[in-house]
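To start, the structure under review is shown below, and the notes come after it.
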Amino acid sequence: MMTLAYRGVALLVALLVLRCMFREKDFWKQVTGALVLVPLVLRILMVK
Amino acid sequence: MSLEMNWKGNRATALGLVAAALLVAAVAGKSFTGMWKDDVLVPAPGFERHMLSEWHAPLAGTPADTPVYVQASSQPGGTVLVMGGTHPNEPAGTLAAVLLLEKARVAQGRLMVVPFGNHMAFTHNDPQEGAPQRIHLKLADGSTRAFKYGSRATNPIDQWPDPDVYIHPQSGQELSGKERSNLNRAHPGTKEGPLTLQLAYGLRELLVKEKVDLAFDLHEASPEYPVVNAIVAHEKSMELAAVVTMELEGQGIAMRLEPSPKNLRGLTHREWGDTTDTMPILMETANPSQGRLRGRTDEALVLTGRDKAYAKAMGLGRLFINYQGDQPLDLRVARHVTAIKVFLDNLGLLYPEKAILVEGIPDYASIVGQGTGTFLNPLGNAN
């Protein structure tokens, strides 16, 4: 249950990061968002 | 003049960056999941492969279940267990167990080998330690075998979250929360609960049900840690360990003999002795690649133990070993294997009904001189 909640939170944060990236006008801030996305994807998939 | 680049972002750049992030995640994920695959072992003839879940059924199908190899002679005698891989970032312990598994011929008694004590800690590295994922050993036929360099702790994908404070169930001893993922703070374990505790319980069941007379838990530690190149013995193992230490000293292999502290709970040398009829022995060699003073951490450091910072620390008198510029893995494996051999030779002298005779174990000089890999079997023989 705890793991499901964790993955749900990670998914929510990943979606918010994606939303920010597509609304952002500064390329380098988009790059920052992409960097944040990598560990979130790995955690949602329970790889790391 | 400003060096700042005011690049404009738009939906297309966002899409490109998301694709790049997914690509990086895929590459990283492939690397991480590569560690989920077990190292291939090539046991010596006569070994039967079992799983720990045969002694504690709830472990079946969980990542905590781990192979237990058993070789029994037709000649009655004692039963000895050798466990490596309690901490997979201490490779000499694992490889000493693997070497025994691949070379031993049991002529009297019974030998049990658990090469991957905490199987769940072999599937990842410690974060921020820069450790290699694998080390490679060259075999006598020129081929190479790879062995994982894992973590001290159970993989968080198998057991999480760690609490702020870990309370050892039997004693109430309080430790840092991360120790709940440390197999060597989990003994004697619990029937239910976190997997690491269940694993410890399974190991205890194995010792009790199989009436194991002598059990080894093989470790490594930092050269700056006081308990290193050491044998740690429970009260009931102390007489045997004292004889072995003297004999090793006579062979020029200095090993400290340390009594198991009665108030340090959860460790094999304490709990196996207190809760079973087994005589437990924990052994430590010196591994610079897990020490805090080390510099660049890579496969070469694991294999050679060569590190400038440790040479300097030796000059300053900060180490607990005689560090002469290196501490090769082969030397560390040789220490473990030779000490085990001397224990086996002396077990029957002190306790005739527990005698065990194991042949085929390479000697100290051969392992140091020719390398551990020389004595491992080629993967072509894997079954």
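Residues are referred to by chain and number: the chain letter is A, B, ... according to the order shown in the structure tokens, the number counts from 1 in that chain, and ligands are numbered separately from 1 in the order shown.
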Using only C-alpha atoms, I'd like every residue of chain A that has an atom within 8 Å of chain B; please write them out as a PDB file with C-alpha atoms, in the first residue's frame.
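Contents of result-v2.pdb, as written:
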ATOM      1  CA  LEU A  18       5.897  17.788 -17.542  1.00  0.00           C
ATOM      2  CA  MET A  21       8.203  22.025 -19.019  1.00  0.00           C
ATOM      3  CA  PHE A  22       5.574  22.569 -21.700  1.00  0.00           C
ATOM      4  CA  ARG A  23       4.549  25.955 -20.268  1.00  0.00           C
ATOM      5  CA  GLU A  24       8.111  27.181 -19.667  1.00  0.00           C
ATOM      6  CA  LYS A  25       9.587  29.738 -22.091  1.00  0.00           C
ATOM      7  CA  ASP A  26      13.194  29.438 -20.857  1.00  0.00           C
ATOM      8  CA  PHE A  27      15.036  26.541 -22.491  1.00  0.00           C
ATOM      9  CA  TRP A  28      17.438  26.041 -19.575  1.00  0.00           C
ATOM     10  CA  GLN A  30      13.096  23.102 -19.416  1.00  0.00           C
ATOM     11  CA  VAL A  31      16.453  21.288 -19.237  1.00  0.00           C
ATOM     12  CA  ALA A  34      14.147  17.068 -17.909  1.00  0.00           C
ATOM     13  CA  LEU A  35      16.869  16.308 -15.344  1.00  0.00           C
ATOM     14  CA  LEU A  37      12.196  13.700 -14.791  1.00  0.00           C
ATOM     15  CA  VAL A  38      14.891  10.992 -15.068  1.00  0.00           C
ATOM     16  CA  PRO A  39      14.886   9.753 -11.432  1.00  0.00           C
ATOM     17  CA  VAL A  41      10.646   7.816 -14.209  1.00  0.00           C
ATOM     18  CA  LEU A  42      13.033   5.270 -12.630  1.00  0.00           C
ATOM     19  CA  MET A  46      10.480   0.701  -9.479  1.00  0.00           C
ATOM     20  CA  VAL A  47      13.837   0.310 -11.197  1.00  0.00           C
ATOM     21  CA  LYS A  48      15.796   2.336  -8.669  1.00  0.00           C
TER      22      LYS A  48
END
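Near range 341-345 of chain B, within 8 Å and counting only C-alpha atoms, sit B:Leu240, B:Ala241, B:Val244, B:Glu247, B:Leu248, B:Val337, B:Thr338, B:Ala339, B:Leu347, B:Gly348, B:Leu349, B:Ala355, B:Ile356, B:Leu357, B:Val358, B:Ile361, not including residues fewer than 2 positions from it in the same chain.
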Saved selection, atoms kept: N, CA and C atoms, as a PDB file, in the first residue's frame:
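What follows is the written file again.pdb:
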ATOM      1  N   LEU B 240      38.033 -23.012  20.066  1.00  0.00           N
ATOM      2  CA  LEU B 240      38.414 -23.418  18.707  1.00  0.00           C
ATOM      3  C   LEU B 240      39.081 -22.249  17.981  1.00  0.00           C
ATOM      4  N   ALA B 241      38.500 -21.064  18.101  1.00  0.00           N
ATOM      5  CA  ALA B 241      39.046 -19.893  17.410  1.00  0.00           C
ATOM      6  C   ALA B 241      40.450 -19.551  17.913  1.00  0.00           C
ATOM      7  N   VAL B 244      42.856 -21.918  16.281  1.00  0.00           N
ATOM      8  CA  VAL B 244      43.013 -21.550  14.866  1.00  0.00           C
ATOM      9  C   VAL B 244      43.884 -20.304  14.724  1.00  0.00           C
ATOM     10  N   GLU B 247      47.441 -21.215  15.133  1.00  0.00           N
ATOM     11  CA  GLU B 247      47.972 -21.960  13.987  1.00  0.00           C
ATOM     12  C   GLU B 247      48.172 -21.042  12.782  1.00  0.00           C
ATOM     13  N   LEU B 248      47.245 -20.125  12.586  1.00  0.00           N
ATOM     14  CA  LEU B 248      47.402 -19.156  11.485  1.00  0.00           C
ATOM     15  C   LEU B 248      48.635 -18.290  11.717  1.00  0.00           C
ATOM     16  N   VAL B 337      39.779 -18.149   3.094  1.00  0.00           N
ATOM     17  CA  VAL B 337      39.758 -19.576   2.744  1.00  0.00           C
ATOM     18  C   VAL B 337      40.710 -20.365   3.642  1.00  0.00           C
ATOM     19  N   THR B 338      41.905 -19.825   3.880  1.00  0.00           N
ATOM     20  CA  THR B 338      42.882 -20.537   4.704  1.00  0.00           C
ATOM     21  C   THR B 338      42.396 -20.641   6.147  1.00  0.00           C
ATOM     22  N   ALA B 339      41.818 -19.565   6.641  1.00  0.00           N
ATOM     23  CA  ALA B 339      41.304 -19.616   8.016  1.00  0.00           C
ATOM     24  C   ALA B 339      40.194 -20.667   8.137  1.00  0.00           C
ATOM     25  N   LEU B 347      38.446 -28.626  13.978  1.00  0.00           N
ATOM     26  CA  LEU B 347      37.141 -28.919  14.573  1.00  0.00           C
ATOM     27  C   LEU B 347      37.099 -30.343  15.132  1.00  0.00           C
ATOM     28  N   GLY B 348      37.590 -31.293  14.332  1.00  0.00           N
ATOM     29  CA  GLY B 348      37.558 -32.691  14.755  1.00  0.00           C
ATOM     30  C   GLY B 348      38.564 -33.001  15.856  1.00  0.00           C
ATOM     31  N   LEU B 349      39.618 -32.201  15.939  1.00  0.00           N
ATOM     32  CA  LEU B 349      40.613 -32.426  16.995  1.00  0.00           C
ATOM     33  C   LEU B 349      40.035 -32.059  18.357  1.00  0.00           C
ATOM     34  N   ALA B 355      33.929 -33.966  13.487  1.00  0.00           N
ATOM     35  CA  ALA B 355      35.012 -33.905  12.496  1.00  0.00           C
ATOM     36  C   ALA B 355      34.462 -33.760  11.076  1.00  0.00           C
ATOM     37  N   ILE B 356      35.155 -32.973  10.290  1.00  0.00           N
ATOM     38  CA  ILE B 356      34.790 -32.802   8.877  1.00  0.00           C
ATOM     39  C   ILE B 356      36.091 -32.777   8.085  1.00  0.00           C
ATOM     40  N   LEU B 357      36.068 -33.428   6.935  1.00  0.00           N
ATOM     41  CA  LEU B 357      37.260 -33.449   6.089  1.00  0.00           C
ATOM     42  C   LEU B 357      36.863 -32.937   4.701  1.00  0.00           C
ATOM     43  N   VAL B 358      37.444 -31.815   4.339  1.00  0.00           N
ATOM     44  CA  VAL B 358      37.137 -31.228   3.033  1.00  0.00           C
ATOM     45  C   VAL B 358      38.438 -31.142   2.241  1.00  0.00           C
ATOM     46  N   ILE B 361      40.678 -27.794  -1.347  1.00  0.00           N
ATOM     47  CA  ILE B 361      40.733 -26.345  -1.073  1.00  0.00           C
ATOM     48  C   ILE B 361      42.147 -25.847  -1.365  1.00  0.00           C
TER      49      ILE B 361
END
### Contacts of Val333 in chain B at 8 Å (only C-alpha atoms; same-chain gap of 6+ positions) as a PyMOL selection string
chain B and resi 92-93+95-96+367+372
Put those residues in a file: C-alpha atoms, as an mmCIF file, in the first residue's frame.
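Written output follows (out_2.cif):
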data_model
loop_
_atom_site.group_PDB
_atom_site.id
_atom_site.type_symbol
_atom_site.label_atom_id
_atom_site.label_comp_id
_atom_site.auth_asym_id
_atom_site.auth_seq_id
_atom_site.Cartn_x
_atom_site.Cartn_y
_atom_site.Cartn_z
ATOM 1 C CA ALA B 92 36.345 -11.286 -0.522
ATOM 2 C CA GLY B 93 33.687 -12.849 1.717
ATOM 3 C CA LEU B 95 34.346 -15.017 -3.358
ATOM 4 C CA ALA B 96 35.783 -17.149 -0.551
ATOM 5 C CA ILE B 367 45.554 -18.248 -4.115
ATOM 6 C CA THR B 372 41.385 -16.476 -7.082
#
| said: Quick one: residues within 8 Å of Ala146 in chain B, only C-alpha atoms, excluding same-chain residues fewer than 3 positions away - as number ranges by chain? | reply: B: 39, 134-137
**Q.** Distance query Leu206 in chain B at most 10 Å, only C-alpha atoms, self and fewer than 3 positions along chain excluded, as a VMD selection string
**A.** chain B and resid 52 to 56 68 81 200 to 203 209 to 212
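For the choices B:Asn377, B:Gln327, B:Ser237, B:Ser176, the atom-to-atom distance to Tyr351 in chain B is smallest for B:Ser237 when using only C-alpha atoms.
The interatomic distance for the pair CA of Tyr310 in chain B and CA of Ala286 in chain B works out to 11.4 Å.
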Near-range 11-13 of chain A list (10 Å; only C-alpha atoms; drop same-chain fewer than 5 positions) as a ChimeraX atom specification = /A:5-6,18-19,36-37,40-41,43-45
Handout entry: Atom pair CA of Thr94 in chain B / CA of Ala121 in chain B: separation (Å)
Key =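 Taking CA of Thr94 in chain B and CA of Ala121 in chain B, their separation equals 12.2 Å.
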Polymer residues at most 10 Å from range 69-79 of chain B, only C-alpha atoms, same-chain spacing of 2 or more positions, as a PDB file with N, CA and C atoms, in the first residue's frame:
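Listing of around12.pdb after writing:
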ATOM      1  N   PRO B  43      29.169 -25.058  -9.235  1.00  0.00           N
ATOM      2  CA  PRO B  43      29.527 -25.832  -8.040  1.00  0.00           C
ATOM      3  C   PRO B  43      30.342 -27.078  -8.376  1.00  0.00           C
ATOM      4  N   ALA B  44      31.156 -27.489  -7.414  1.00  0.00           N
ATOM      5  CA  ALA B  44      31.925 -28.724  -7.558  1.00  0.00           C
ATOM      6  C   ALA B  44      30.961 -29.904  -7.578  1.00  0.00           C
ATOM      7  N   PRO B  45      31.377 -31.027  -8.194  1.00  0.00           N
ATOM      8  CA  PRO B  45      30.515 -32.213  -8.190  1.00  0.00           C
ATOM      9  C   PRO B  45      30.171 -32.620  -6.756  1.00  0.00           C
ATOM     10  N   GLY B  46      28.948 -33.049  -6.554  1.00  0.00           N
ATOM     11  CA  GLY B  46      28.532 -33.496  -5.226  1.00  0.00           C
ATOM     12  C   GLY B  46      27.652 -32.499  -4.508  1.00  0.00           C
ATOM     13  N   PHE B  47      27.658 -31.244  -4.935  1.00  0.00           N
ATOM     14  CA  PHE B  47      26.804 -30.240  -4.284  1.00  0.00           C
ATOM     15  C   PHE B  47      25.377 -30.336  -4.817  1.00  0.00           C
ATOM     16  N   GLU B  48      24.420 -30.262  -3.916  1.00  0.00           N
ATOM     17  CA  GLU B  48      23.003 -30.174  -4.300  1.00  0.00           C
ATOM     18  C   GLU B  48      22.541 -28.752  -4.039  1.00  0.00           C
ATOM     19  N   ARG B  49      21.744 -28.227  -4.959  1.00  0.00           N
ATOM     20  CA  ARG B  49      21.251 -26.854  -4.796  1.00  0.00           C
ATOM     21  C   ARG B  49      19.880 -26.866  -4.140  1.00  0.00           C
ATOM     22  N   HIS B  50      19.765 -26.180  -3.034  1.00  0.00           N
ATOM     23  CA  HIS B  50      18.480 -25.992  -2.354  1.00  0.00           C
ATOM     24  C   HIS B  50      18.203 -24.486  -2.286  1.00  0.00           C
ATOM     25  N   MET B  51      17.026 -24.148  -1.753  1.00  0.00           N
ATOM     26  CA  MET B  51      16.722 -22.741  -1.502  1.00  0.00           C
ATOM     27  C   MET B  51      16.404 -22.564  -0.018  1.00  0.00           C
ATOM     28  N   LEU B  52      16.730 -21.397   0.498  1.00  0.00           N
ATOM     29  CA  LEU B  52      16.515 -21.156   1.933  1.00  0.00           C
ATOM     30  C   LEU B  52      15.045 -21.327   2.319  1.00  0.00           C
ATOM     31  N   THR B  66      17.335 -17.437  -1.152  1.00  0.00           N
ATOM     32  CA  THR B  66      18.716 -17.498  -1.652  1.00  0.00           C
ATOM     33  C   THR B  66      19.175 -18.946  -1.716  1.00  0.00           C
ATOM     34  N   PRO B  67      20.073 -19.272  -2.660  1.00  0.00           N
ATOM     35  CA  PRO B  67      20.495 -20.670  -2.796  1.00  0.00           C
ATOM     36  C   PRO B  67      21.337 -21.151  -1.610  1.00  0.00           C
ATOM     37  N   LEU B  81      28.622 -24.675   7.964  1.00  0.00           N
ATOM     38  CA  LEU B  81      28.000 -23.742   7.016  1.00  0.00           C
ATOM     39  C   LEU B  81      28.957 -22.583   6.756  1.00  0.00           C
ATOM     40  N   VAL B  82      29.116 -22.231   5.491  1.00  0.00           N
ATOM     41  CA  VAL B  82      29.920 -21.060   5.125  1.00  0.00           C
ATOM     42  C   VAL B  82      29.004 -20.089   4.384  1.00  0.00           C
ATOM     43  N   LEU B 101      32.698 -23.426  -2.782  1.00  0.00           N
ATOM     44  CA  LEU B 101      31.606 -24.089  -3.490  1.00  0.00           C
ATOM     45  C   LEU B 101      32.107 -24.766  -4.767  1.00  0.00           C
ATOM     46  N   ALA B 104      35.376 -27.625  -3.351  1.00  0.00           N
ATOM     47  CA  ALA B 104      35.375 -28.543  -2.205  1.00  0.00           C
ATOM     48  C   ALA B 104      34.965 -29.971  -2.585  1.00  0.00           C
ATOM     49  N   ARG B 105      35.689 -30.929  -2.002  1.00  0.00           N
ATOM     50  CA  ARG B 105      35.311 -32.349  -2.059  1.00  0.00           C
ATOM     51  C   ARG B 105      35.193 -32.806  -0.612  1.00  0.00           C
ATOM     52  N   VAL B 106      33.991 -33.101  -0.196  1.00  0.00           N
ATOM     53  CA  VAL B 106      33.769 -33.425   1.221  1.00  0.00           C
ATOM     54  C   VAL B 106      33.979 -34.924   1.423  1.00  0.00           C
ATOM     55  N   ALA B 107      35.009 -35.284   2.189  1.00  0.00           N
ATOM     56  CA  ALA B 107      35.331 -36.698   2.434  1.00  0.00           C
ATOM     57  C   ALA B 107      34.723 -37.189   3.748  1.00  0.00           C
ATOM     58  N   GLN B 108      34.411 -36.279   4.639  1.00  0.00           N
ATOM     59  CA  GLN B 108      33.729 -36.646   5.890  1.00  0.00           C
ATOM     60  C   GLN B 108      32.868 -35.484   6.340  1.00  0.00           C
ATOM     61  N   GLY B 109      31.663 -35.784   6.826  1.00  0.00           N
ATOM     62  CA  GLY B 109      30.764 -34.737   7.316  1.00  0.00           C
ATOM     63  C   GLY B 109      29.989 -34.082   6.189  1.00  0.00           C
ATOM     64  N   ARG B 110      29.571 -32.861   6.440  1.00  0.00           N
ATOM     65  CA  ARG B 110      28.687 -32.175   5.490  1.00  0.00           C
ATOM     66  C   ARG B 110      29.051 -30.694   5.429  1.00  0.00           C
ATOM     67  N   LEU B 111      29.114 -30.171   4.223  1.00  0.00           N
ATOM     68  CA  LEU B 111      29.438 -28.749   4.020  1.00  0.00           C
ATOM     69  C   LEU B 111      28.256 -28.064   3.346  1.00  0.00           C
ATOM     70  N   MET B 112      27.826 -26.943   3.938  1.00  0.00           N
ATOM     71  CA  MET B 112      26.744 -26.152   3.343  1.00  0.00           C
ATOM     72  C   MET B 112      27.321 -24.779   2.986  1.00  0.00           C
ATOM     73  N   VAL B 113      27.000 -24.290   1.798  1.00  0.00           N
ATOM     74  CA  VAL B 113      27.517 -22.985   1.366  1.00  0.00           C
ATOM     75  C   VAL B 113      26.356 -22.091   0.932  1.00  0.00           C
ATOM     76  N   VAL B 114      26.311 -20.910   1.516  1.00  0.00           N
ATOM     77  CA  VAL B 114      25.343 -19.872   1.101  1.00  0.00           C
ATOM     78  C   VAL B 114      26.178 -18.730   0.523  1.00  0.00           C
ATOM     79  N   PRO B 115      26.335 -18.695  -0.798  1.00  0.00           N
ATOM     80  CA  PRO B 115      27.241 -17.675  -1.361  1.00  0.00           C
ATOM     81  C   PRO B 115      26.661 -16.256  -1.334  1.00  0.00           C
ATOM     82  N   LEU B 207      20.152 -23.330  10.487  1.00  0.00           N
ATOM     83  CA  LEU B 207      21.158 -23.756  11.474  1.00  0.00           C
ATOM     84  C   LEU B 207      20.566 -24.761  12.460  1.00  0.00           C
ATOM     85  N   GLU B 210      19.188 -28.207  10.604  1.00  0.00           N
ATOM     86  CA  GLU B 210      20.268 -29.031  10.051  1.00  0.00           C
ATOM     87  C   GLU B 210      21.351 -29.319  11.083  1.00  0.00           C
ATOM     88  N   LYS B 211      21.143 -28.875  12.324  1.00  0.00           N
ATOM     89  CA  LYS B 211      22.105 -29.108  13.408  1.00  0.00           C
ATOM     90  C   LYS B 211      23.524 -28.736  12.975  1.00  0.00           C
ATOM     91  N   VAL B 212      23.662 -27.513  12.491  1.00  0.00           N
ATOM     92  CA  VAL B 212      24.979 -27.035  12.031  1.00  0.00           C
ATOM     93  C   VAL B 212      25.892 -26.859  13.241  1.00  0.00           C
ATOM     94  N   ASP B 213      27.090 -27.452  13.154  1.00  0.00           N
ATOM     95  CA  ASP B 213      28.024 -27.402  14.282  1.00  0.00           C
ATOM     96  C   ASP B 213      28.851 -26.123  14.281  1.00  0.00           C
ATOM     97  N   LEU B 214      29.259 -25.702  13.105  1.00  0.00           N
ATOM     98  CA  LEU B 214      30.149 -24.538  12.988  1.00  0.00           C
ATOM     99  C   LEU B 214      29.673 -23.703  11.799  1.00  0.00           C
ATOM    100  N   ALA B 215      29.505 -22.393  11.994  1.00  0.00           N
ATOM    101  CA  ALA B 215      28.974 -21.547  10.918  1.00  0.00           C
ATOM    102  C   ALA B 215      29.839 -20.304  10.751  1.00  0.00           C
ATOM    103  N   THR B 278      24.863 -23.868  17.287  1.00  0.00           N
ATOM    104  CA  THR B 278      25.992 -23.634  16.383  1.00  0.00           C
ATOM    105  C   THR B 278      27.118 -22.861  17.075  1.00  0.00           C
ATOM    106  N   LEU B 344      38.367 -26.087   9.911  1.00  0.00           N
ATOM    107  CA  LEU B 344      37.854 -27.432   9.600  1.00  0.00           C
ATOM    108  C   LEU B 344      38.830 -28.496  10.103  1.00  0.00           C
ATOM    109  N   LEU B 347      38.446 -28.626  13.978  1.00  0.00           N
ATOM    110  CA  LEU B 347      37.141 -28.919  14.573  1.00  0.00           C
ATOM    111  C   LEU B 347      37.099 -30.343  15.132  1.00  0.00           C
ATOM    112  N   GLY B 348      37.590 -31.293  14.332  1.00  0.00           N
ATOM    113  CA  GLY B 348      37.558 -32.691  14.755  1.00  0.00           C
ATOM    114  C   GLY B 348      38.564 -33.001  15.856  1.00  0.00           C
ATOM    115  N   TYR B 351      36.611 -31.565  18.877  1.00  0.00           N
ATOM    116  CA  TYR B 351      35.301 -32.216  19.033  1.00  0.00           C
ATOM    117  C   TYR B 351      35.240 -33.381  18.030  1.00  0.00           C
ATOM    118  N   PRO B 352      35.754 -34.557  18.400  1.00  0.00           N
ATOM    119  CA  PRO B 352      35.882 -35.663  17.431  1.00  0.00           C
ATOM    120  C   PRO B 352      34.569 -36.018  16.718  1.00  0.00           C
ATOM    121  N   GLU B 353      33.422 -35.903  17.416  1.00  0.00           N
ATOM    122  CA  GLU B 353      32.151 -36.268  16.778  1.00  0.00           C
ATOM    123  C   GLU B 353      31.734 -35.251  15.708  1.00  0.00           C
ATOM    124  N   LYS B 354      32.381 -34.102  15.709  1.00  0.00           N
ATOM    125  CA  LYS B 354      32.037 -33.068  14.725  1.00  0.00           C
ATOM    126  C   LYS B 354      33.070 -32.978  13.593  1.00  0.00           C
ATOM    127  N   ALA B 355      33.929 -33.966  13.487  1.00  0.00           N
ATOM    128  CA  ALA B 355      35.012 -33.905  12.496  1.00  0.00           C
ATOM    129  C   ALA B 355      34.462 -33.760  11.076  1.00  0.00           C
ATOM    130  N   ILE B 356      35.155 -32.973  10.290  1.00  0.00           N
ATOM    131  CA  ILE B 356      34.790 -32.802   8.877  1.00  0.00           C
ATOM    132  C   ILE B 356      36.091 -32.777   8.085  1.00  0.00           C
ATOM    133  N   LEU B 357      36.068 -33.428   6.935  1.00  0.00           N
ATOM    134  CA  LEU B 357      37.260 -33.449   6.089  1.00  0.00           C
ATOM    135  C   LEU B 357      36.863 -32.937   4.701  1.00  0.00           C
ATOM    136  N   VAL B 358      37.444 -31.815   4.339  1.00  0.00           N
ATOM    137  CA  VAL B 358      37.137 -31.228   3.033  1.00  0.00           C
ATOM    138  C   VAL B 358      38.438 -31.142   2.241  1.00  0.00           C
TER     139      VAL B 358
END
Counting only C-alpha atoms, the residue among B:Lys262, B:Arg180, B:Arg292, B:Arg204 that lies closest to Ala309 in chain B is B:Arg292
